[in-house]
file final_2.cif (mmCIF, C-alpha atoms)
data_start
loop_
_atom_site.group_PDB
_atom_site.id
_atom_site.type_symbol
_atom_site.label_atom_id
_atom_site.label_comp_id
_atom_site.auth_asym_id
_atom_site.auth_seq_id
_atom_site.Cartn_x
_atom_site.Cartn_y
_atom_site.Cartn_z
ATOM 1 C CA MET A 1248 0.000 0.000 0.000
ATOM 2 C CA SER A 1249 1.437 3.361 -0.991
ATOM 3 C CA ALA A 1250 1.572 6.223 1.472
ATOM 4 C CA PRO A 1251 -1.931 7.631 2.000
ATOM 5 C CA ASP A 1252 -2.942 11.022 0.697
ATOM 6 C CA GLU A 1253 -2.824 13.165 3.813
ATOM 7 C CA THR A 1254 -5.101 15.706 2.142
ATOM 8 C CA ASP A 1255 -7.828 13.109 1.633
ATOM 9 C CA PRO A 1256 -10.621 13.583 4.209
ATOM 10 C CA ASN A 1257 -11.339 9.848 3.999
ATOM 11 C CA VAL A 1258 -7.922 9.390 5.618
ATOM 12 C CA THR A 1259 -7.666 12.402 7.915
ATOM 13 C CA SER A 1260 -11.281 12.624 9.130
ATOM 14 C CA PRO A 1261 -13.250 9.643 7.787
ATOM 15 C CA LEU A 1262 -16.258 10.180 10.092
ATOM 16 C CA ALA A 1263 -16.645 13.931 9.596
ATOM 17 C CA ARG A 1264 -19.264 13.626 6.868
ATOM 18 C CA PHE A 1265 -21.622 11.793 9.223
ATOM 19 C CA HIS A 1266 -21.767 14.677 11.752
ATOM 20 C CA GLY A 1267 -22.022 12.351 14.733
ATOM 21 C CA GLU A 1268 -24.610 10.017 13.196
ATOM 22 C CA ARG A 1269 -23.834 6.309 12.850
ATOM 23 C CA PRO A 1270 -23.004 5.243 9.285
ATOM 24 C CA PRO A 1271 -25.084 2.540 7.616
ATOM 25 C CA ALA A 1272 -23.867 -0.954 8.514
ATOM 26 C CA PRO A 1273 -24.490 -4.437 7.122
ATOM 27 C CA ALA A 1274 -26.655 -6.969 8.914
ATOM 28 C CA TRP A 1275 -23.734 -9.151 9.977
ATOM 29 C CA PHE A 1276 -22.232 -6.262 11.954
ATOM 30 C CA ALA A 1277 -25.505 -5.465 13.732
ATOM 31 C CA GLU A 1278 -25.928 -9.130 14.652
ATOM 32 C CA ALA A 1279 -22.362 -9.359 15.953
ATOM 33 C CA ILE A 1280 -22.623 -6.220 18.087
ATOM 34 C CA ALA A 1281 -25.963 -7.418 19.460
ATOM 35 C CA HIS A 1282 -24.019 -10.355 20.938
ATOM 36 C CA ALA A 1283 -22.684 -8.087 23.663
ATOM 37 C CA PRO A 1284 -19.813 -9.207 25.892
ATOM 38 C CA GLU A 1285 -19.749 -9.482 29.634
ATOM 39 C CA ARG A 1286 -17.672 -6.559 30.903
ATOM 40 C CA SER A 1287 -15.520 -6.599 34.026
ATOM 41 C CA PHE A 1288 -12.136 -5.525 35.390
ATOM 42 C CA VAL A 1289 -9.193 -7.589 36.582
ATOM 43 C CA PRO A 1290 -6.660 -6.144 39.068
ATOM 44 C CA VAL A 1291 -3.086 -6.531 37.804
ATOM 45 C CA GLU A 1292 -0.193 -5.055 39.764
ATOM 46 C CA GLY A 1293 -2.055 -1.980 40.919
ATOM 47 C CA ALA A 1294 -4.111 -1.325 37.780
ATOM 48 C CA LYS A 1295 -7.642 -2.308 36.809
ATOM 49 C CA ILE A 1296 -7.588 -4.048 33.425
ATOM 50 C CA GLU A 1297 -10.719 -4.056 31.268
ATOM 51 C CA LEU A 1298 -11.921 -7.562 30.345
ATOM 52 C CA LEU A 1299 -14.562 -8.510 27.761
ATOM 53 C CA THR A 1300 -15.775 -12.113 27.473
ATOM 54 C CA TRP A 1301 -18.062 -14.117 25.186
ATOM 55 C CA GLY A 1302 -19.126 -17.777 25.173
ATOM 56 C CA GLU A 1303 -19.272 -20.424 27.861
ATOM 57 C CA ARG A 1304 -16.588 -21.300 30.370
ATOM 58 C CA GLY A 1305 -15.108 -24.700 29.762
ATOM 59 C CA LYS A 1306 -14.944 -24.331 26.010
ATOM 60 C CA PRO A 1307 -11.505 -23.909 24.355
ATOM 61 C CA GLY A 1308 -10.042 -20.491 25.076
ATOM 62 C CA LEU A 1309 -9.357 -17.716 22.567
ATOM 63 C CA MET A 1310 -7.738 -14.447 23.694
ATOM 64 C CA LEU A 1311 -7.699 -11.358 21.435
ATOM 65 C CA LEU A 1312 -5.262 -8.495 22.064
ATOM 66 C CA HIS A 1313 -5.492 -5.091 20.395
ATOM 67 C CA GLY A 1314 -2.764 -2.822 19.033
ATOM 68 C CA GLY A 1315 -1.294 0.448 20.254
ATOM 69 C CA ARG A 1316 -3.698 3.150 21.474
ATOM 70 C CA ALA A 1317 -6.597 0.790 20.734
ATOM 71 C CA HIS A 1318 -8.811 -1.215 23.116
ATOM 72 C CA ALA A 1319 -10.705 -4.462 23.584
ATOM 73 C CA ASP A 1320 -13.733 -3.279 21.582
ATOM 74 C CA TRP A 1321 -11.665 -3.376 18.406
ATOM 75 C CA PHE A 1322 -12.550 -7.080 18.573
ATOM 76 C CA SER A 1323 -16.182 -6.810 19.694
ATOM 77 C CA PHE A 1324 -17.437 -7.413 16.136
ATOM 78 C CA ILE A 1325 -14.981 -10.304 15.597
ATOM 79 C CA ALA A 1326 -15.292 -12.243 18.862
ATOM 80 C CA PRO A 1327 -18.991 -13.199 18.514
ATOM 81 C CA PHE A 1328 -18.165 -15.307 15.437
ATOM 82 C CA PHE A 1329 -16.220 -17.655 17.730
ATOM 83 C CA ALA A 1330 -18.449 -17.598 20.801
ATOM 84 C CA ASP A 1331 -20.410 -20.743 19.934
ATOM 85 C CA ASP A 1332 -17.282 -22.890 19.967
ATOM 86 C CA TYR A 1333 -14.877 -20.958 22.193
ATOM 87 C CA ARG A 1334 -14.659 -19.046 25.423
ATOM 88 C CA VAL A 1335 -13.438 -15.755 23.959
ATOM 89 C CA ALA A 1336 -11.821 -12.880 25.840
ATOM 90 C CA ALA A 1337 -10.283 -9.517 25.037
ATOM 91 C CA ILE A 1338 -8.506 -7.120 27.371
ATOM 92 C CA SER A 1339 -7.573 -3.479 27.115
ATOM 93 C CA MET A 1340 -3.918 -3.160 28.052
ATOM 94 C CA SER A 1341 -3.088 -0.624 30.763
ATOM 95 C CA GLY A 1342 -2.987 2.904 29.382
ATOM 96 C CA MET A 1343 -5.667 2.046 26.831
ATOM 97 C CA GLY A 1344 -9.419 1.556 26.682
ATOM 98 C CA ARG A 1345 -11.094 1.660 30.084
ATOM 99 C CA SER A 1346 -8.037 0.213 31.824
ATOM 100 C CA ASP A 1347 -6.037 2.285 34.288
ATOM 101 C CA TRP A 1348 -2.977 4.271 33.264
ATOM 102 C CA ARG A 1349 0.456 3.562 34.763
ATOM 103 C CA GLU A 1350 3.525 5.691 35.488
ATOM 104 C CA THR A 1351 5.599 3.311 33.342
ATOM 105 C CA TYR A 1352 4.789 0.471 30.961
ATOM 106 C CA ASP A 1353 6.585 -2.727 30.030
ATOM 107 C CA ILE A 1354 6.025 -5.535 27.504
ATOM 108 C CA ALA A 1355 6.483 -8.247 30.136
ATOM 109 C CA GLN A 1356 3.915 -6.500 32.316
ATOM 110 C CA TYR A 1357 1.516 -6.413 29.379
ATOM 111 C CA GLY A 1358 2.147 -10.142 29.075
ATOM 112 C CA ARG A 1359 1.142 -10.581 32.704
ATOM 113 C CA GLU A 1360 -2.011 -8.526 32.058
ATOM 114 C CA LEU A 1361 -2.848 -10.868 29.175
ATOM 115 C CA ILE A 1362 -2.317 -13.930 31.386
ATOM 116 C CA ALA A 1363 -4.375 -12.420 34.220
ATOM 117 C CA GLY A 1364 -7.223 -11.624 31.833
ATOM 118 C CA ALA A 1365 -7.130 -15.102 30.315
ATOM 119 C CA THR A 1366 -7.104 -16.670 33.775
ATOM 120 C CA ALA A 1367 -10.006 -14.553 35.032
ATOM 121 C CA ALA A 1368 -11.967 -15.396 31.883
ATOM 122 C CA GLY A 1369 -11.431 -19.115 32.441
ATOM 123 C CA LEU A 1370 -9.428 -19.695 29.276
ATOM 124 C CA PHE A 1371 -7.115 -22.144 31.035
ATOM 125 C CA GLU A 1372 -10.025 -24.228 32.373
ATOM 126 C CA ALA A 1373 -10.706 -26.148 29.155
ATOM 127 C CA ALA A 1374 -9.296 -29.554 28.277
ATOM 128 C CA VAL A 1375 -7.051 -27.876 25.678
ATOM 129 C CA ALA A 1376 -4.751 -24.879 26.089
ATOM 130 C CA PRO A 1377 -5.931 -21.507 24.743
ATOM 131 C CA VAL A 1378 -4.927 -19.710 21.557
ATOM 132 C CA ILE A 1379 -3.853 -16.060 21.781
ATOM 133 C CA VAL A 1380 -4.065 -13.494 18.983
ATOM 134 C CA GLY A 1381 -2.348 -10.104 18.925
ATOM 135 C CA HIS A 1382 -2.569 -7.246 16.427
ATOM 136 C CA SER A 1383 0.351 -4.885 15.762
ATOM 137 C CA PHE A 1384 1.760 -3.677 19.122
ATOM 138 C CA GLY A 1385 -0.302 -6.410 20.794
ATOM 139 C CA SER A 1386 1.964 -8.967 19.121
ATOM 140 C CA ARG A 1387 4.740 -8.071 21.568
ATOM 141 C CA PRO A 1388 2.889 -9.253 24.705
ATOM 142 C CA VAL A 1389 1.625 -12.265 22.732
ATOM 143 C CA LEU A 1390 5.203 -13.296 21.882
ATOM 144 C CA ASP A 1391 6.223 -12.624 25.503
ATOM 145 C CA VAL A 1392 3.578 -15.082 26.707
ATOM 146 C CA ALA A 1393 4.354 -17.594 23.938
ATOM 147 C CA ALA A 1394 7.947 -17.759 25.191
ATOM 148 C CA ARG A 1395 7.117 -18.249 28.873
ATOM 149 C CA PRO A 1396 8.069 -21.741 30.083
ATOM 150 C CA ASN A 1397 5.311 -21.827 32.710
ATOM 151 C CA ILE A 1398 2.437 -21.029 30.311
ATOM 152 C CA SER A 1399 0.821 -23.646 28.087
ATOM 153 C CA LEU A 1400 -0.654 -22.393 24.809
ATOM 154 C CA ARG A 1401 -2.159 -24.273 21.899
ATOM 155 C CA ALA A 1402 -0.892 -21.602 19.479
ATOM 156 C CA ALA A 1403 -0.350 -17.872 18.993
ATOM 157 C CA VAL A 1404 -1.318 -15.661 16.037
ATOM 158 C CA VAL A 1405 0.282 -12.339 15.070
ATOM 159 C CA LEU A 1406 -1.857 -10.022 12.951
ATOM 160 C CA ASP A 1407 0.162 -7.633 10.793
ATOM 161 C CA ALA A 1408 3.356 -7.303 12.762
ATOM 162 C CA ALA A 1409 6.909 -8.469 12.176
ATOM 163 C CA ILE A 1410 10.353 -8.335 13.769
ATOM 164 C CA SER A 1411 12.739 -5.856 12.185
ATOM 165 C CA PRO A 1412 16.459 -6.613 11.790
ATOM 166 C CA PRO A 1413 18.695 -5.221 14.564
ATOM 167 C CA ASP A 1414 20.232 -2.691 12.163
ATOM 168 C CA ALA A 1415 16.889 -1.325 10.951
ATOM 169 C CA PRO A 1416 16.083 2.285 11.924
ATOM 170 C CA GLU A 1417 14.135 2.645 15.138
ATOM 171 C CA MET A 1418 10.622 4.008 14.934
ATOM 172 C CA VAL A 1419 10.431 7.688 15.814
ATOM 173 C CA PHE A 1420 7.331 8.938 17.617
ATOM 174 C CA ASN A 1421 6.105 12.501 17.748
ATOM 175 C CA PRO A 1422 6.634 14.261 21.094
ATOM 176 C CA PRO A 1423 3.736 13.399 23.410
ATOM 177 C CA ARG A 1424 1.124 15.900 24.504
ATOM 178 C CA ALA A 1425 -2.055 15.725 26.512
ATOM 179 C CA ASN A 1426 -5.144 14.536 24.659
ATOM 180 C CA TRP A 1427 -7.393 17.193 23.193
ATOM 181 C CA VAL A 1428 -10.762 17.839 24.835
ATOM 182 C CA TYR A 1429 -13.549 18.339 22.306
ATOM 183 C CA PRO A 1430 -16.787 20.224 23.018
ATOM 184 C CA SER A 1431 -19.090 17.401 21.907
ATOM 185 C CA LEU A 1432 -19.094 13.763 20.879
ATOM 186 C CA PRO A 1433 -19.712 14.611 17.186
ATOM 187 C CA ALA A 1434 -16.765 17.027 17.265
ATOM 188 C CA ALA A 1435 -14.525 14.321 18.707
ATOM 189 C CA LEU A 1436 -15.691 11.683 16.225
ATOM 190 C CA GLN A 1437 -14.792 14.017 13.379
ATOM 191 C CA ARG A 1438 -11.169 13.977 14.582
ATOM 192 C CA PHE A 1439 -10.822 10.189 14.666
ATOM 193 C CA ARG A 1440 -8.302 8.665 12.259
ATOM 194 C CA LEU A 1441 -6.303 5.463 12.003
ATOM 195 C CA MET A 1442 -2.644 5.319 12.971
ATOM 196 C CA PRO A 1443 -0.706 4.564 10.886
ATOM 197 C CA SER A 1444 -2.826 6.451 8.406
ATOM 198 C CA GLN A 1445 -4.800 4.556 5.808
ATOM 199 C CA PRO A 1446 -8.212 4.800 4.173
ATOM 200 C CA CYS A 1447 -10.875 2.308 5.230
ATOM 201 C CA GLU A 1448 -14.070 1.686 3.295
ATOM 202 C CA ASN A 1449 -15.854 0.115 6.268
ATOM 203 C CA VAL A 1450 -16.615 3.392 8.017
ATOM 204 C CA TYR A 1451 -19.221 1.729 10.256
ATOM 205 C CA LEU A 1452 -16.317 -0.133 11.907
ATOM 206 C CA LEU A 1453 -14.378 3.116 12.330
ATOM 207 C CA ASP A 1454 -17.416 4.697 13.942
ATOM 208 C CA HIS A 1455 -17.801 1.765 16.326
ATOM 209 C CA ILE A 1456 -14.220 1.789 17.564
ATOM 210 C CA ALA A 1457 -14.101 5.586 17.670
ATOM 211 C CA ARG A 1458 -17.107 5.812 19.995
ATOM 212 C CA GLU A 1459 -15.520 3.248 22.321
ATOM 213 C CA SER A 1460 -12.252 5.226 22.204
ATOM 214 C CA LEU A 1461 -13.798 8.327 23.799
ATOM 215 C CA LYS A 1462 -14.903 9.285 27.282
ATOM 216 C CA PRO A 1463 -16.764 12.304 28.711
ATOM 217 C CA VAL A 1464 -14.799 14.730 30.888
ATOM 218 C CA ASP A 1465 -15.493 18.018 32.625
ATOM 219 C CA THR A 1466 -13.899 21.033 30.991
ATOM 220 C CA GLU A 1467 -12.328 23.970 32.845
ATOM 221 C CA ASP A 1468 -15.521 26.008 32.431
ATOM 222 C CA GLY A 1469 -17.615 23.214 33.959
ATOM 223 C CA ARG A 1470 -19.091 21.948 30.725
ATOM 224 C CA GLU A 1471 -18.955 18.381 29.446
ATOM 225 C CA GLY A 1472 -16.292 17.606 26.889
ATOM 226 C CA TRP A 1473 -14.976 14.461 25.216
ATOM 227 C CA THR A 1474 -11.451 13.100 25.035
ATOM 228 C CA TRP A 1475 -9.555 9.949 24.074
ATOM 229 C CA ARG A 1476 -9.239 7.118 26.582
ATOM 230 C CA PHE A 1477 -5.622 6.203 25.793
ATOM 231 C CA ASP A 1478 -2.619 7.525 27.712
ATOM 232 C CA PRO A 1479 -0.817 9.783 25.203
ATOM 233 C CA PHE A 1480 2.489 9.201 27.024
ATOM 234 C CA GLN A 1481 2.285 5.376 26.956
ATOM 235 C CA LEU A 1482 4.693 4.756 24.076
ATOM 236 C CA HIS A 1483 7.224 7.133 25.614
ATOM 237 C CA ARG A 1484 7.024 5.334 28.961
ATOM 238 C CA LEU A 1485 8.203 2.017 27.553
ATOM 239 C CA PRO A 1486 11.823 0.967 28.240
ATOM 240 C CA ASP A 1487 14.412 0.573 25.498
ATOM 241 C CA GLY A 1488 14.848 -2.858 24.001
ATOM 242 C CA VAL A 1489 11.271 -3.617 22.891
ATOM 243 C CA ARG A 1490 12.502 -4.805 19.480
ATOM 244 C CA ALA A 1491 15.289 -6.968 20.933
ATOM 245 C CA LYS A 1492 12.865 -8.569 23.393
ATOM 246 C CA ALA A 1493 10.393 -9.391 20.623
ATOM 247 C CA ASP A 1494 13.212 -10.953 18.601
ATOM 248 C CA ALA A 1495 14.283 -13.122 21.546
ATOM 249 C CA ASP A 1496 10.683 -14.049 22.410
ATOM 250 C CA LEU A 1497 9.971 -15.134 18.836
ATOM 251 C CA ARG A 1498 13.041 -17.382 18.776
ATOM 252 C CA ALA A 1499 12.058 -18.883 22.157
ATOM 253 C CA ALA A 1500 8.336 -19.428 21.423
ATOM 254 C CA ARG A 1501 7.080 -22.710 22.871
ATOM 255 C CA CYS A 1502 3.882 -23.111 20.820
ATOM 256 C CA PRO A 1503 2.906 -23.115 17.138
ATOM 257 C CA LEU A 1504 2.864 -19.636 15.583
ATOM 258 C CA ALA A 1505 1.144 -17.969 12.647
ATOM 259 C CA PHE A 1506 1.835 -14.537 11.137
ATOM 260 C CA VAL A 1507 -1.014 -13.072 9.072
ATOM 261 C CA ARG A 1508 -0.336 -9.812 7.247
ATOM 262 C CA GLY A 1509 -2.365 -7.510 5.057
ATOM 263 C CA ASP A 1510 -0.947 -7.662 1.550
ATOM 264 C CA GLN A 1511 -1.094 -3.855 1.374
ATOM 265 C CA SER A 1512 0.416 -3.306 4.814
ATOM 266 C CA ARG A 1513 2.795 -0.394 5.300
ATOM 267 C CA ILE A 1514 4.095 -2.034 8.500
ATOM 268 C CA VAL A 1515 4.992 -5.552 7.358
ATOM 269 C CA GLN A 1516 7.188 -5.179 4.282
ATOM 270 C CA ALA A 1517 9.757 -7.265 2.445
ATOM 271 C CA ALA A 1518 12.744 -6.639 4.739
ATOM 272 C CA ASN A 1519 11.150 -7.245 8.130
ATOM 273 C CA LEU A 1520 9.019 -10.095 6.773
ATOM 274 C CA ALA A 1521 12.138 -11.841 5.458
ATOM 275 C CA TYR A 1522 13.927 -11.331 8.775
ATOM 276 C CA THR A 1523 10.935 -12.668 10.703
ATOM 277 C CA ARG A 1524 10.804 -15.767 8.517
ATOM 278 C CA GLY A 1525 14.501 -16.289 9.171
ATOM 279 C CA VAL A 1526 14.305 -16.232 12.972
ATOM 280 C CA ALA A 1527 10.855 -17.767 13.537
ATOM 281 C CA PRO A 1528 10.721 -21.357 14.816
ATOM 282 C CA GLU A 1529 10.458 -24.091 12.222
ATOM 283 C CA GLY A 1530 6.880 -24.737 11.167
ATOM 284 C CA THR A 1531 5.673 -21.154 11.716
ATOM 285 C CA VAL A 1532 2.812 -20.320 9.337
ATOM 286 C CA PHE A 1533 2.982 -17.167 7.218
ATOM 287 C CA ALA A 1534 -0.129 -15.975 5.372
ATOM 288 C CA SER A 1535 -1.220 -12.863 3.508
ATOM 289 C CA LEU A 1536 -4.723 -11.386 3.342
ATOM 290 C CA PRO A 1537 -5.668 -9.787 -0.004
ATOM 291 C CA GLN A 1538 -6.920 -6.216 -0.191
ATOM 292 C CA ALA A 1539 -6.010 -5.444 3.413
ATOM 293 C CA GLY A 1540 -3.714 -2.888 4.994
ATOM 294 C CA HIS A 1541 -2.229 -2.825 8.476
ATOM 295 C CA HIS A 1542 -5.658 -2.662 10.128
ATOM 296 C CA LEU A 1543 -6.607 -5.844 8.335
ATOM 297 C CA PHE A 1544 -9.704 -6.741 10.369
ATOM 298 C CA LEU A 1545 -11.141 -3.306 9.625
ATOM 299 C CA ASP A 1546 -10.440 -3.711 5.916
ATOM 300 C CA GLN A 1547 -11.483 -7.363 5.624
ATOM 301 C CA PRO A 1548 -13.276 -8.373 8.851
ATOM 302 C CA LEU A 1549 -14.999 -11.495 7.536
ATOM 303 C CA ALA A 1550 -11.840 -12.684 5.776
ATOM 304 C CA VAL A 1551 -9.984 -12.363 9.093
ATOM 305 C CA VAL A 1552 -12.696 -14.438 10.771
ATOM 306 C CA SER A 1553 -12.353 -17.085 8.058
ATOM 307 C CA THR A 1554 -8.550 -17.097 8.328
ATOM 308 C CA LEU A 1555 -8.629 -17.497 12.102
ATOM 309 C CA ARG A 1556 -11.210 -20.287 11.818
ATOM 310 C CA THR A 1557 -8.946 -22.116 9.377
ATOM 311 C CA LEU A 1558 -5.929 -21.779 11.668
ATOM 312 C CA LEU A 1559 -7.916 -22.904 14.716
ATOM 313 C CA ALA A 1560 -9.251 -25.923 12.844
ATOM 314 C CA GLY A 1561 -5.739 -26.932 11.869
ATOM 315 C CA TRP A 1562 -4.489 -26.705 15.432
ATOM 316 C CA ALA A 1563 -7.440 -28.747 16.676
ATOM 317 C CA ARG A 1564 -6.126 -31.821 14.884
#

call {"tool": "encode", "arguments": {"input": "final_2.cif", "output": "structure tokens"}}
result
Amino acid sequence: MSAPDETDPNVTSPLARFHGERPPAPAWFAEAIAHAPERSFVPVEGAKIELLTWGERGKPGLMLLHGGRAHADWFSFIAPFFADDYRVAAISMSGMGRSDWRETYDIAQYGRELIAGATAAGLFEAAVAPVIVGHSFGSRPVLDVAARPNISLRAAVVLDAAISPPDAPEMVFNPPRANWVYPSLPAALQRFRLMPSQPCENVYLLDHIARESLKPVDTEDGREGWTWRFDPFQLHRLPDGVRAKADADLRAARCPLAFVRGDQSRIVQAANLAYTRGVAPEGTVFASLPQAGHHLFLDQPLAVVSTLRTLLAGWAR
């Protein structure tokens, strides 16, 4: 996928034309969202971690982990497709969603949040070990858990993420600043955009995750405003060595792995994909999803469901 046109309002403000109204959505989406999760919080090392669950305890476990500055509801239209056959869970990592913020963040701590959420959801209670899925930044805690010798997993799936070579340039983030406060929910929705930038035809999905990304706050003049739920300083409060840890965790993974990328991804490209293939354990599955960018389950949600079902069926044998 080429670099997006940063003058295109479909990239910079895809919800602006709806003026706070919900875009039209297909029937499958309405049915999925109607299958609402149970919502709770799990205490993990001084922070309350948001937990969403679907399906019955005792069924095989499936944990879904979002990417950076996202939240558990990025999967609330995906999880219901698995709830008949699996006990499904999704957490919001600390500093994101409705989870508490921390003074500092760490990949291993995010791994412990994932384990705590899976345990509270009952994912380890089934006769078979659970499968964990992580998108983008969420792949780092997934690989952390996959490498832990005291955790049994049936498999782990990485959605559109890769390990870059040690000599690749480090990612550079803009200096952090406090989140804007908008005067109304429609005004805030008009400012929502994907990061990294890309267009997305399924604007009803953007609207859904945008609404769950916002919270009401009191402004200085006593009026109600709206702001983003994520901690804007989270990425800058991570220690050095995130890339090196992911590299080591991938090499040490103790369960089957699958990497699924969008074939138009700007994140997973030839160099880091080749490096990942070179260091991944033997037997790791690599797949590509057509007509999908980095946010592949926003671009092709039903294809992602089908891909995950295929992987899960293979690991069931």

call {"tool": "residues_around", "arguments": {"input": "final_2.cif", "residues": "region 1552-1557 of chain A", "least_positions_apart": "5", "cutoff": "10 Å", "atoms": "all atoms listed in the file", "output": "JSON list (two decimals) with C-alpha atoms, in the frame of the given file"}}
result
[["chain", "number", "residue", "atom", "x", "y", "z"],
["A", 1325, "ILE", "CA", -14.98, -10.30, 15.60],
["A", 1326, "ALA", "CA", -15.29, -12.24, 18.86],
["A", 1328, "PHE", "CA", -18.16, -15.31, 15.44],
["A", 1329, "PHE", "CA", -16.22, -17.66, 17.73],
["A", 1380, "VAL", "CA", -4.07, -13.49, 18.98],
["A", 1404, "VAL", "CA", -1.32, -15.66, 16.04],
["A", 1505, "ALA", "CA", 1.14, -17.97, 12.65],
["A", 1507, "VAL", "CA", -1.01, -13.07, 9.07],
["A", 1534, "ALA", "CA", -0.13, -15.98, 5.37],
["A", 1535, "SER", "CA", -1.22, -12.86, 3.51],
["A", 1536, "LEU", "CA", -4.72, -11.39, 3.34],
["A", 1544, "PHE", "CA", -9.70, -6.74, 10.37],
["A", 1547, "GLN", "CA", -11.48, -7.36, 5.62],
["A", 1562, "TRP", "CA", -4.49, -26.70, 15.43],
["A", 1563, "ALA", "CA", -7.44, -28.75, 16.68]]

call {"tool": "closest_residue", "arguments": {"input": "final_2.cif", "among": "A:Arg1345, A:Arg1334, A:Arg1438, A:Arg1490", "to": "Asn1426 (chain A)", "atoms": "all atoms listed in the file"}}
result
A:Arg1438

call {"tool": "resolve_selection", "arguments": {"input": "final_2.cif", "expression": "the PyMOL selection byres ((chain A and resi 1343) around 9)", "output": "PyMOL selection string"}}
result
chain A and resi 1315-1319+1339-1342+1344-1348+1460+1476-1478+1481

call {"tool": "residues_around", "arguments": {"input": "final_2.cif", "residues": "Leu1520 (chain A)", "least_positions_apart": "2", "cutoff": "12 Å", "atoms": "only C-alpha atoms", "output": "number ranges by chain"}}
result
A: 1407-1412, 1506-1510, 1512-1518, 1522-1527, 1533-1535

call {"tool": "resolve_selection", "arguments": {"input": "final_2.cif", "expression": "the PyMOL selection byres ((chain A and resi 1271) around 9)", "output": "list in words"}}
result
Arg1269, Pro1270, Ala1272, Pro1273, Val1450 and Tyr1451 of chain A

call {"tool": "closest_residue", "arguments": {"input": "final_2.cif", "among": "A:Gln1356, A:Thr1366, A:Asn1449, A:Ser1323", "to": "Val1389 (chain A)", "atoms": "all atoms listed in the file"}}
result
A:Gln1356

call {"tool": "axis_aligned_box", "arguments": {"input": "final_2.cif", "around": "region 1268-1280 of chain A", "padding_each_side": "6 Å", "output": "JSON"}}
result
{"center_x": -24.4, "center_y": 0.3, "center_z": 12.6, "size_x": 16.4, "size_y": 31.4, "size_z": 23.0}

call {"tool": "atom_distance", "arguments": {"input": "final_2.cif", "atom1": "CA of Pro1422 (chain A)", "atom2": "CA of Gly1488 (chain A)"}}
result
19.2 Å

call {"tool": "closest_residue", "arguments": {"input": "final_2.cif", "among": "A:Ala1279, A:Leu1311, A:Val1428, A:Ala1355", "to": "Val1378 (chain A)", "atoms": "all atoms listed in the file"}}
result
A:Leu1311

call {"tool": "residues_around", "arguments": {"input": "final_2.cif", "residues": "Pro1261 (chain A)", "least_positions_apart": "6", "cutoff": "12 Å", "atoms": "all atoms listed in the file", "output": "ChimeraX atom specification"}}
result
/A:1253-1255,1267,1270,1435-1441,1444-1454,1457

call {"tool": "residues_near_point", "arguments": {"input": "final_2.cif", "point": "(2.8, -18.6, 21.6)", "cutoff": "7 Å", "atoms": "all atoms listed in the file", "output": "list in words"}}
result
Val1389, Leu1390, Val1392, Ala1393, Ala1394, Leu1400, Ala1402, Ala1403, Ala1500, Arg1501, Cys1502, Pro1503 and Leu1504 of chain A

call {"tool": "write_last_selection", "arguments": {"input": "final_2.cif", "atoms": "C-alpha atoms", "output": "compact mmCIF listing (two decimals), keeping the file's coordinate frame"}}
result
# COMPACT_ATOMS: atom_id res chain seq x y z
CA VAL A 1389 1.62 -12.26 22.73
CA LEU A 1390 5.20 -13.30 21.88
CA VAL A 1392 3.58 -15.08 26.71
CA ALA A 1393 4.35 -17.59 23.94
CA ALA A 1394 7.95 -17.76 25.19
CA LEU A 1400 -0.65 -22.39 24.81
CA ALA A 1402 -0.89 -21.60 19.48
CA ALA A 1403 -0.35 -17.87 18.99
CA ALA A 1500 8.34 -19.43 21.42
CA ARG A 1501 7.08 -22.71 22.87
CA CYS A 1502 3.88 -23.11 20.82
CA PRO A 1503 2.91 -23.12 17.14
CA LEU A 1504 2.86 -19.64 15.58

call {"tool": "atom_distance", "arguments": {"input": "final_2.cif", "atom1": "CA of Val1258 (chain A)", "atom2": "CA of Ser1383 (chain A)"}}
result
19.4 Å

call {"tool": "residues_around", "arguments": {"input": "final_2.cif", "residues": "Val1291 (chain A)", "least_positions_apart": "2", "cutoff": "9 Å", "atoms": "only C-alpha atoms", "output": "list in words"}}
result
Val1289, Gly1293, Ala1294, Lys1295, Ile1296, Gln1356, Arg1359, Glu1360, Ala1363 and Gly1364 of chain A
